[in-house]
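Trainee: One file: work_11.cif (mmCIF, C-alpha atoms and all ligand atoms).
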data_model
loop_
_atom_site.label_atom_id
_atom_site.label_comp_id
_atom_site.auth_asym_id
_atom_site.auth_seq_id
_atom_site.Cartn_x
_atom_site.Cartn_y
_atom_site.Cartn_z
CA MET A 1 78.69 -15.80 31.84
CA THR A 2 76.55 -12.74 31.48
CA THR A 3 73.22 -12.15 33.19
CA GLN A 4 71.62 -12.38 29.77
CA GLU A 5 73.03 -15.83 29.29
CA PHE A 6 71.56 -16.95 32.62
CA ASP A 7 68.26 -15.39 31.66
CA SER A 8 68.21 -17.23 28.38
CA ILE A 9 68.87 -20.59 30.09
CA VAL A 10 65.94 -19.91 32.35
CA ALA A 11 63.78 -18.82 29.40
CA ASN A 12 64.73 -21.98 27.45
CA ALA A 13 63.89 -24.10 30.43
CA ARG A 14 60.49 -22.41 30.74
CA ASP A 15 59.81 -23.04 27.05
CA ALA A 16 60.83 -26.70 27.34
CA PHE A 17 58.57 -27.16 30.36
CA ALA A 18 55.66 -25.41 28.64
CA THR A 19 55.86 -27.70 25.62
CA ALA A 20 55.93 -30.85 27.78
CA ARG A 21 52.47 -32.40 27.38
CA THR A 22 52.80 -35.19 29.96
CA PRO A 23 54.53 -35.61 33.33
CA ALA A 24 57.05 -37.95 31.62
CA GLU A 25 57.94 -35.33 29.01
CA LEU A 26 58.26 -32.78 31.78
CA GLU A 27 60.69 -34.96 33.74
CA ASN A 28 62.80 -35.38 30.57
CA ALA A 29 62.91 -31.62 30.12
CA LYS A 30 63.84 -31.15 33.75
CA ALA A 31 66.81 -33.54 33.35
CA GLN A 32 68.30 -31.23 30.75
CA TYR A 33 68.53 -28.37 33.26
CA VAL A 34 68.64 -29.54 36.85
CA GLY A 35 69.28 -33.28 36.30
CA LYS A 36 72.63 -35.00 37.01
CA SER A 37 74.17 -33.71 33.80
CA GLY A 38 71.82 -30.78 33.19
CA ARG A 39 72.96 -27.27 32.28
CA ILE A 40 72.72 -25.88 35.82
CA THR A 41 74.40 -28.90 37.34
CA GLU A 42 77.30 -28.53 34.86
CA LEU A 43 77.65 -24.84 35.75
CA MET A 44 77.82 -25.68 39.43
CA LYS A 45 80.54 -28.23 38.80
CA GLY A 46 82.50 -25.39 37.05
CA LEU A 47 82.51 -23.30 40.25
CA ALA A 48 85.27 -25.42 41.75
CA ALA A 49 87.85 -23.90 39.45
CA LEU A 50 87.01 -20.29 40.36
CA SER A 51 88.39 -17.92 42.95
CA VAL A 52 86.56 -17.39 46.19
CA GLU A 53 85.32 -14.00 45.02
CA ASP A 54 84.06 -15.28 41.68
CA LYS A 55 82.55 -18.35 43.35
CA LYS A 56 80.35 -16.04 45.40
CA THR A 57 78.93 -13.94 42.56
CA ARG A 58 78.75 -16.83 40.06
CA GLY A 59 77.26 -19.18 42.67
CA ALA A 60 74.58 -16.64 43.55
CA ALA A 61 73.68 -16.18 39.89
CA ILE A 62 73.50 -19.93 39.29
CA ASN A 63 71.36 -20.39 42.38
CA GLN A 64 69.01 -17.69 41.24
CA ALA A 65 68.67 -19.34 37.83
CA LYS A 66 68.19 -22.73 39.48
CA GLN A 67 65.43 -21.42 41.72
CA ALA A 68 63.67 -19.79 38.77
CA ILE A 69 63.87 -23.05 36.82
CA GLU A 70 62.58 -25.09 39.75
CA ALA A 71 59.71 -22.66 40.28
CA ALA A 72 58.79 -22.98 36.59
CA LEU A 73 59.08 -26.77 36.86
CA ASN A 74 56.78 -26.92 39.89
CA ALA A 75 54.26 -24.60 38.26
CA ARG A 76 54.19 -26.80 35.16
CA ARG A 77 53.92 -29.97 37.27
CA GLN A 78 50.92 -28.47 39.01
CA ALA A 79 49.37 -27.37 35.73
CA LEU A 80 49.76 -30.85 34.23
CA ALA A 81 48.27 -32.48 37.35
CA ASP A 82 45.36 -30.05 37.29
CA ALA A 83 44.73 -30.76 33.61
CA GLU A 84 44.85 -34.49 34.24
CA LEU A 85 42.36 -34.24 37.11
CA GLU A 86 40.07 -32.08 35.02
CA ALA A 87 40.16 -34.55 32.14
CA GLN A 88 39.37 -37.38 34.53
CA LEU A 89 36.43 -35.51 36.05
CA LYS A 90 35.15 -34.74 32.59
CA ALA A 91 35.38 -38.38 31.54
CA GLU A 92 33.57 -39.56 34.65
CA ALA A 93 30.99 -36.81 34.57
CA LEU A 94 27.38 -37.77 35.23
CA ASP A 95 25.00 -36.37 32.68
CA VAL A 96 22.05 -35.71 34.94
CA SER A 97 19.94 -34.75 31.93
CA LEU A 98 20.02 -38.35 30.56
CA PRO A 99 16.77 -40.23 31.11
CA GLY A 100 17.14 -42.96 33.77
CA ARG A 101 16.99 -46.68 33.05
CA VAL A 102 13.48 -47.40 34.27
CA ARG A 103 11.90 -50.79 34.72
CA GLU A 104 8.63 -50.72 32.83
CA PRO A 105 5.61 -51.38 34.99
CA GLY A 106 4.27 -54.92 34.57
CA GLY A 107 0.68 -55.94 34.19
CA LEU A 108 -1.53 -58.92 34.81
CA HIS A 109 -2.01 -61.64 32.23
CA PRO A 110 -5.52 -61.61 30.71
CA VAL A 111 -6.27 -65.00 32.28
CA SER A 112 -5.21 -63.62 35.67
CA LEU A 113 -7.47 -60.62 35.08
CA THR A 114 -10.32 -63.06 34.42
CA LEU A 115 -9.46 -65.01 37.55
CA GLU A 116 -9.53 -61.87 39.71
CA ARG A 117 -12.80 -60.81 38.14
CA ILE A 118 -14.40 -64.19 38.76
CA GLU A 119 -13.27 -64.20 42.38
CA GLN A 120 -14.78 -60.75 42.91
CA ILE A 121 -18.08 -61.63 41.28
CA PHE A 122 -18.54 -64.89 43.19
CA ALA A 123 -17.35 -63.34 46.45
CA SER A 124 -20.13 -60.78 45.98
CA MET A 125 -22.56 -63.73 45.77
CA GLY A 126 -21.26 -65.14 49.04
CA PHE A 127 -18.87 -67.74 47.64
CA ASP A 128 -15.69 -68.68 49.43
CA VAL A 129 -12.53 -68.98 47.28
CA ALA A 130 -10.44 -72.14 47.71
CA ASP A 131 -7.14 -73.34 46.35
CA GLY A 132 -5.93 -76.90 45.91
CA PRO A 133 -3.05 -79.03 44.62
CA GLU A 134 -2.31 -79.42 40.91
CA VAL A 135 -0.65 -82.79 41.52
CA GLU A 136 -3.59 -84.90 42.63
CA SER A 137 -4.32 -88.40 43.81
CA ASP A 138 -6.26 -90.67 41.49
CA TRP A 139 -8.97 -90.87 44.14
CA HIS A 140 -9.54 -87.12 44.23
CA SER A 141 -9.31 -86.58 40.45
CA PHE A 142 -11.48 -89.54 39.48
CA THR A 143 -12.68 -92.20 41.90
CA SER A 144 -14.18 -89.86 44.51
CA LEU A 145 -16.04 -88.23 41.64
CA ASN A 146 -17.83 -91.46 40.79
CA ASN A 147 -15.31 -92.18 38.08
CA PRO A 148 -13.52 -95.39 39.21
CA PRO A 149 -10.61 -97.10 37.40
CA ASN A 150 -11.67 -98.55 34.04
CA HIS A 151 -14.68 -96.26 33.87
CA PRO A 152 -15.02 -95.26 30.19
CA ALA A 153 -15.55 -91.59 31.14
CA ARG A 154 -11.92 -91.41 32.26
CA SER A 155 -10.78 -91.36 28.65
CA MET A 156 -12.53 -87.99 28.18
CA GLN A 157 -9.95 -86.54 30.51
CA ASP A 158 -6.93 -88.68 29.79
CA THR A 159 -4.27 -86.92 31.71
CA PHE A 160 -0.63 -86.62 32.70
CA TYR A 161 0.60 -89.05 35.31
CA VAL A 162 3.37 -88.43 37.79
CA ASP A 163 5.97 -91.05 38.69
CA ILE A 164 4.75 -91.32 42.28
CA ASP A 165 2.22 -93.86 43.46
CA GLY A 166 -0.56 -92.97 45.86
CA ASP A 167 -1.56 -95.14 48.83
CA ASP A 168 -3.87 -97.08 46.49
CA GLY A 169 -0.94 -97.96 44.21
CA ILE A 170 -2.25 -95.70 41.47
CA PRO A 171 0.08 -92.90 40.32
CA TYR A 172 -0.65 -89.28 41.08
CA ASN A 173 -1.81 -87.15 38.16
CA LEU A 174 -1.73 -83.52 37.05
CA ARG A 175 -5.39 -82.79 37.72
CA PRO A 176 -7.43 -82.76 34.50
CA HIS A 177 -10.07 -80.50 36.07
CA THR A 178 -10.70 -78.52 39.24
CA SER A 179 -13.46 -80.96 40.31
CA PRO A 180 -11.21 -82.78 42.83
CA MET A 181 -11.63 -79.60 44.86
CA GLN A 182 -15.28 -80.49 45.39
CA VAL A 183 -14.46 -83.39 47.71
CA ARG A 184 -11.32 -81.77 49.14
CA TYR A 185 -13.16 -78.61 50.09
CA ALA A 186 -16.17 -80.52 51.47
CA HIS A 187 -13.83 -82.47 53.75
CA GLN A 188 -12.20 -79.27 55.01
CA HIS A 189 -15.59 -77.68 55.51
CA ILE A 190 -17.02 -80.61 57.47
CA LYS A 191 -13.89 -80.76 59.64
CA ARG A 192 -14.10 -77.04 60.34
CA TYR A 193 -17.64 -77.33 61.70
CA ALA A 194 -17.38 -80.83 63.24
CA ASP A 195 -17.34 -79.62 66.84
CA GLY A 196 -20.43 -77.48 66.32
CA VAL A 197 -22.26 -80.32 64.59
CA LYS A 198 -21.42 -82.59 67.55
CA ARG A 199 -23.08 -80.03 69.84
CA GLY A 200 -26.20 -80.23 67.66
CA GLU A 201 -25.62 -77.13 65.54
CA THR A 202 -26.33 -77.27 61.81
CA MET A 203 -23.39 -77.14 59.47
CA PRO A 204 -23.30 -73.98 57.33
CA GLU A 205 -23.80 -74.48 53.61
CA ILE A 206 -20.92 -75.20 51.27
CA ARG A 207 -20.61 -72.35 48.80
CA VAL A 208 -17.23 -72.10 47.13
CA ILE A 209 -15.34 -71.55 43.94
CA ALA A 210 -11.94 -73.12 43.30
CA PRO A 211 -10.01 -71.62 40.38
CA GLY A 212 -6.68 -72.97 39.19
CA ARG A 213 -4.50 -74.70 36.63
CA THR A 214 -5.57 -77.95 35.00
CA TYR A 215 -3.86 -80.33 32.54
CA ARG A 216 -4.96 -82.55 29.66
CA VAL A 217 -3.36 -84.29 26.71
CA ASP A 218 -4.79 -81.83 24.21
CA SER A 219 -3.20 -79.20 22.00
CA ASP A 220 -4.66 -77.08 19.20
CA ALA A 221 -6.04 -73.58 18.59
CA THR A 222 -8.71 -74.05 21.26
CA HIS A 223 -7.02 -76.58 23.59
CA SER A 224 -3.82 -76.30 25.57
CA PRO A 225 -2.19 -79.07 27.67
CA MET A 226 -2.23 -76.58 30.56
CA PHE A 227 -5.27 -74.39 31.01
CA HIS A 228 -7.37 -72.91 33.79
CA GLN A 229 -10.74 -73.76 35.21
CA VAL A 230 -12.94 -72.48 37.94
CA GLU A 231 -14.97 -74.98 39.91
CA GLY A 232 -18.17 -73.89 41.59
CA LEU A 233 -19.96 -75.82 44.31
CA TRP A 234 -23.03 -75.00 46.36
CA ILE A 235 -24.44 -77.60 48.69
CA ASP A 236 -27.13 -77.24 51.30
CA GLU A 237 -30.44 -78.87 52.13
CA ASP A 238 -32.43 -77.24 49.36
CA ILE A 239 -30.24 -76.12 46.49
CA SER A 240 -31.78 -76.74 43.09
CA PHE A 241 -31.02 -76.43 39.39
CA ALA A 242 -32.90 -73.13 39.49
CA ASP A 243 -30.23 -71.84 41.89
CA LEU A 244 -27.54 -73.02 39.50
CA LYS A 245 -29.20 -71.22 36.63
CA GLY A 246 -29.66 -68.05 38.69
CA VAL A 247 -26.08 -68.04 39.95
CA TYR A 248 -24.60 -68.74 36.56
CA LEU A 249 -26.73 -66.19 34.75
CA ASN A 250 -25.77 -63.58 37.35
CA PHE A 251 -22.15 -64.51 36.96
CA VAL A 252 -21.96 -64.28 33.16
CA ARG A 253 -23.95 -61.06 33.08
CA ALA A 254 -21.56 -59.50 35.60
CA PHE A 255 -18.52 -60.98 33.88
CA PHE A 256 -19.45 -59.80 30.38
CA GLU A 257 -20.97 -56.58 31.73
CA THR A 258 -24.26 -56.98 29.88
CA ASP A 259 -27.76 -58.09 30.74
CA ASP A 260 -28.38 -58.74 27.07
CA LEU A 261 -27.21 -62.31 27.46
CA GLN A 262 -28.99 -65.63 27.76
CA VAL A 263 -28.08 -68.94 29.33
CA ARG A 264 -29.17 -72.35 28.09
CA PHE A 265 -28.66 -75.77 29.64
CA ARG A 266 -27.99 -78.64 27.23
CA PRO A 267 -28.22 -82.23 28.54
CA SER A 268 -24.81 -83.79 28.96
CA TYR A 269 -22.97 -86.41 30.93
CA PHE A 270 -20.45 -86.27 33.75
CA PRO A 271 -19.96 -89.18 36.17
CA PHE A 272 -20.07 -86.78 39.16
CA THR A 273 -23.33 -85.00 38.37
CA GLU A 274 -26.83 -86.28 37.76
CA PRO A 275 -28.48 -84.76 35.86
CA SER A 276 -25.66 -83.10 33.94
CA ALA A 277 -25.65 -80.17 31.59
CA GLU A 278 -23.46 -78.07 29.37
CA ILE A 279 -24.08 -74.38 29.92
CA ASP A 280 -24.23 -72.27 26.75
CA ILE A 281 -24.51 -68.52 26.58
CA ALA A 282 -25.70 -66.27 23.75
CA PHE A 283 -25.19 -62.52 23.45
CA GLY A 284 -28.10 -60.44 22.21
CA SER A 285 -25.78 -58.10 20.31
CA GLY A 286 -22.19 -57.69 19.25
CA PRO A 287 -20.06 -59.79 16.91
CA LEU A 288 -21.20 -63.09 18.46
CA ASN A 289 -24.86 -62.06 18.42
CA GLY A 290 -27.23 -65.01 18.70
CA ARG A 291 -24.60 -67.76 18.57
CA TRP A 292 -24.78 -70.33 21.37
CA LEU A 293 -21.34 -70.69 22.95
CA GLU A 294 -20.45 -73.46 25.36
CA VAL A 295 -18.84 -72.09 28.52
CA SER A 296 -19.25 -74.68 31.27
CA GLY A 297 -20.04 -78.17 32.39
CA ALA A 298 -22.45 -78.42 35.30
CA GLY A 299 -24.95 -80.55 37.10
CA GLN A 300 -26.49 -81.67 40.35
CA VAL A 301 -23.88 -83.28 42.58
CA HIS A 302 -24.18 -87.08 42.30
CA PRO A 303 -25.22 -88.95 45.49
CA THR A 304 -22.05 -91.02 45.35
CA VAL A 305 -19.97 -87.83 45.39
CA LEU A 306 -21.97 -86.48 48.34
CA ARG A 307 -21.27 -89.74 50.18
CA ASN A 308 -17.55 -89.44 49.37
CA MET A 309 -17.67 -85.94 50.81
CA GLY A 310 -19.06 -87.41 54.02
CA LEU A 311 -22.54 -85.98 53.46
CA ASP A 312 -25.88 -87.79 53.56
CA PRO A 313 -27.42 -87.60 50.05
CA ASP A 314 -30.89 -87.86 51.58
CA ARG A 315 -30.27 -84.60 53.38
CA TYR A 316 -27.86 -82.62 51.21
CA ILE A 317 -28.24 -81.59 47.61
CA GLY A 318 -26.48 -79.09 45.42
CA PHE A 319 -24.84 -78.20 42.16
CA ALA A 320 -21.40 -77.97 40.73
CA PHE A 321 -20.01 -76.38 37.62
CA GLY A 322 -16.63 -76.17 35.94
CA SER A 323 -15.81 -73.40 33.47
CA GLY A 324 -12.69 -72.76 31.41
CA LEU A 325 -11.04 -69.42 32.17
CA GLU A 326 -9.30 -69.17 28.78
CA ARG A 327 -12.62 -69.68 27.03
CA LEU A 328 -14.31 -66.95 29.08
CA THR A 329 -11.33 -64.64 28.48
CA MET A 330 -11.43 -65.27 24.71
CA LEU A 331 -15.13 -64.46 24.57
CA ARG A 332 -14.75 -61.35 26.67
CA TYR A 333 -11.94 -59.85 24.62
CA GLY A 334 -12.67 -61.42 21.20
CA ILE A 335 -9.49 -63.49 21.09
CA ASN A 336 -9.59 -66.27 18.50
CA ASP A 337 -6.48 -68.33 19.25
CA LEU A 338 -5.86 -69.82 22.67
CA ARG A 339 -2.13 -70.16 22.00
CA LEU A 340 -1.69 -66.37 22.21
CA PHE A 341 -2.10 -66.71 25.97
CA TYR A 342 1.08 -68.76 26.32
CA GLU A 343 3.47 -67.13 23.85
CA GLY A 344 4.43 -64.22 26.13
CA ASP A 345 4.30 -61.75 23.21
CA LEU A 346 4.23 -58.29 24.79
CA ARG A 347 2.36 -56.84 21.79
CA PHE A 348 -0.51 -59.13 22.77
CA LEU A 349 -0.18 -58.88 26.54
CA LYS A 350 0.15 -55.08 26.67
CA GLN A 351 -3.36 -54.66 25.30
CA PHE A 352 -4.91 -55.78 28.57
CA ASN A 353 -3.20 -53.32 30.90
N1 LIG A 401 -15.00 -81.16 35.52
C1 LIG A 401 -15.79 -81.03 34.32
C2 LIG A 401 -14.84 -80.85 33.15
O1 LIG A 401 -13.71 -80.51 33.37
C3 LIG A 401 -16.74 -79.85 34.39
C4 LIG A 401 -17.78 -80.01 35.45
C5 LIG A 401 -17.58 -79.53 36.72
C6 LIG A 401 -18.96 -80.67 35.15
C7 LIG A 401 -18.54 -79.67 37.66
C8 LIG A 401 -19.93 -80.80 36.10
C9 LIG A 401 -19.71 -80.29 37.36
O2 LIG A 401 -15.21 -80.99 32.00
#
Would you mind giving the structure from this file in structure tokens?
Ligand code: PHE
Mentor:
Amino acid sequence: MTTQEFDSIVANARDAFATARTPAELENAKAQYVGKSGRITELMKGLAALSVEDKKTRGAAINQAKQAIEAALNARRQALADAELEAQLKAEALDVSLPGRVREPGGLHPVSLTLERIEQIFASMGFDVADGPEVESDWHSFTSLNNPPNHPARSMQDTFYVDIDGDDGIPYNLRPHTSPMQVRYAHQHIKRYADGVKRGETMPEIRVIAPGRTYRVDSDATHSPMFHQVEGLWIDEDISFADLKGVYLNFVRAFFETDDLQVRFRPSYFPFTEPSAEIDIAFGSGPLNGRWLEVSGAGQVHPTVLRNMGLDPDRYIGFAFGSGLERLTMLRYGINDLRLFYEGDLRFLKQFN
């Protein structure tokens, strides 16, 4: 074999390796040259038949060719591995210019905004803020409020009952109003100051609001089976209807951010207040200009309720009111359908934040 022939074997091998696109193709190409029955291997087998002298020169030439082929093979192996790694890196590349997946900031529900507002306004008038259970005893929701079983006024607030009986054998209810907080809070208040009162100190006044969820069997554009109220209660030795009117007027003027607003008391009936009133407001301008709008029930706390609180009605007197938060929210923002509050439609909710 001539040197040229060796050179051409090596050149062919290089070409075959260069055209191999994958490691598997490369190994196939390798087999044809340095594999068990490859060209180089065959040439080596042929050495056996040669003379010692020829073996030397031929063997050296074969070895040289073999080394060249193996060097080309290793170079190609490396090139294929590099290409594979590069492709992998490319595929897994992080595009740092892509915008991140952000979580949009949330916002408060309009009724929650109203609740926060109301708490701030009443806190500024010296009112405490109290919280109470939504699953109530019959006594707290009705009887303690001078509304005993079979009283016809109960049907005004026909409510949801829970499958658990209270100590009196009457099932618990989902409170139809926040008024049970009147007696609950009074009890807490009296307990808090009991030691001082025993030492002859006077009990501080009761001045509190209690906002929260309430439930009634009612459902249309202006009534929802679940809604929110805020209860107000101010009891001391000399609290009058004038105080109620002053507090409420202050509240609505702060809440609606206008002094161009009037309050009117309309006679009404609640078992737990005497006398009782509905509070109406009227704006002096704007789309609702001049229309009287009912926003609250109210009244002077009934002597029976004071007694149930543990207070002497000959000494203590005060007022209570209960206002619907949805109603106040609708008036503030000009919303005409209560159901929008509960549908969770972001197009509606986003407008408040
Ligand atoms: N609890 C009454 C209602 O839900 C409102 C009210 C509260 C009336 C306090 C008088 C005093 O309709």
Trainee: Select, from A:Val208, A:Leu43, A:Ala48, A:Ile164, the residue with the minimum atom-to-atom distance to Gly318 (chain A), counting only C-alpha atoms.
Mentor: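 Closest residue, counting only C-alpha atoms: A:Val208.
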Trainee: Quote the spacing between atom C5 of ligand LIG 401 (chain A) and CA of Phe265 (chain A) in Å to one decimal place.
Mentor: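 One can read the atom C5 of ligand LIG 401 (chain A) to CA of Phe265 (chain A) distance as 13.7 Å.
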Trainee: What does the list of residues within 9 Å of ligand LIG 401 (chain A) look like if you count only C-alpha atoms and all ligand atoms, written as a ChimeraX atom specification?
Mentor: /A:156-157,176-180,182,214,229-233,269-274,276-278,296-301,319-324
Trainee: Taking (-26.5, -76.4, 45.6) in the file's coordinates as the center, which residues reach within 6 Å of it, counting all atoms listed in the file, put as an NGL selection string?
Mentor: :A and (234-236 or 239-240 or 317-319)
Trainee: Those same residues - C-alpha atoms - I'd like them written as an mmCIF file, in the coordinates of the input.
Mentor:
data_model
loop_
_atom_site.group_PDB
_atom_site.id
_atom_site.type_symbol
_atom_site.label_atom_id
_atom_site.label_comp_id
_atom_site.auth_asym_id
_atom_site.auth_seq_id
_atom_site.Cartn_x
_atom_site.Cartn_y
_atom_site.Cartn_z
ATOM 1 C CA TRP A 234 -23.030 -75.000 46.360
ATOM 2 C CA ILE A 235 -24.440 -77.600 48.690
ATOM 3 C CA ASP A 236 -27.130 -77.240 51.300
ATOM 4 C CA ILE A 239 -30.240 -76.120 46.490
ATOM 5 C CA SER A 240 -31.780 -76.740 43.090
ATOM 6 C CA ILE A 317 -28.240 -81.590 47.610
ATOM 7 C CA GLY A 318 -26.480 -79.090 45.420
ATOM 8 C CA PHE A 319 -24.840 -78.200 42.160
#
Trainee: Quick one: distance from CA of Gly200 (chain A) to CA of Phe241 (chain A) in Å, one decimal?
Mentor: 28.9 Å
Trainee: Restricting the calculation to all atoms listed in the file, which member of A:Ala49, A:Val34, A:Val96, A:Leu249 is positioned closest to Asn63 (chain A)?
Mentor: A:Val34
Trainee: For Thr143 (chain A), which residue among A:Met309, A:Leu89, A:Leu115, A:Val197 is the nearest when counting all atoms listed in the file?
Mentor: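 Closest candidate: A:Met309.
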Trainee: For the point (2.0, -59.2, 34.6) in file coordinates, what residues are within 12 Å, counting only C-alpha atoms? Give the answer as a count of residues only?
Mentor: 18
Trainee: List the spatial neighbours of Ala254 (chain A) as a list in words - criterion: any atom at most 10 Å away, all atoms listed in the file, same-chain residues fewer than 5 positions off excluded.
Mentor: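 The residues satisfying every condition are Arg117, Ile118, Ile121, Phe122, Tyr248, Leu249 and Asp259 of chain A.
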Trainee: So the first atom is CA of Leu331 (chain A) and the second is CA of Pro275 (chain A); what is the distance between them in Å, to one decimal place?
Mentor: 26.8 Å
Trainee: Choose the residue, out of A:Gly334, A:Pro211, A:Pro23, A:Gly35, that has the smallest atom-to-atom separation from Arg77 (chain A); count all atoms listed in the file.
Mentor: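 When distances to Arg77 (chain A) are compared using all atoms listed in the file, the smallest one comes from A:Pro23.
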Trainee: Could you work out an axis-aligned bounding box for all listed atoms of region 236-242 of chain A, with 6 Å added on each of the six sides, and give its centre and edge lengths in Å to one decimal, as JSON?
Mentor:
{"center_x": -30.0, "center_y": -76.0, "center_z": 45.8, "size_x": 17.8, "size_y": 17.7, "size_z": 24.7}
Trainee: If we count only C-alpha atoms, what is near region 303-306 of chain A at a cut-off of 7 Å, once residues fewer than 3 positions away on the same chain are taken out, given as a PyMOL selection string?
Mentor: chain A and resi 144-146+272+309-313
Trainee: Neighbouring residues of Ile281 (chain A) were defined as those with any atom within 8 Å, considering all atoms listed in the file; residues of the same chain fewer than 5 positions away were excluded. Please report them as a list in words.
Mentor: Leu261, Gln262, Val263, Arg264, Trp292, Leu293, Glu294 and Val295 of chain A
Trainee: Using all atoms listed in the file, which of the listed residues (A:Asp163, A:Glu201, A:Asp260, A:Glu136) sits closest to Arg184 (chain A)?
Mentor: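 Among the listed residues, A:Glu136 lies closest to Arg184 (chain A).
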Trainee: Show me, as a list of chain:residue names, the residues that have an atom within 12 Å of Tyr161 (chain A) when counting only C-alpha atoms, minus same-chain residues fewer than 6 positions from it.
Mentor: A:Glu134, A:Val135, A:Glu136, A:Ser137, A:Asp138, A:Ser141, A:Ile170, A:Pro171, A:Tyr172, A:Asn173, A:Leu174, A:Arg175, A:Pro176, A:Tyr215, A:Arg216, A:Val217
Trainee: May I ask which of the residues A:Arg266, A:Gly212, A:Met330, A:Pro99 is the closest one to Glu119 (chain A), counting only C-alpha atoms?
Mentor: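 Checking each candidate against Glu119 (chain A), we get A:Gly212 as the closest.
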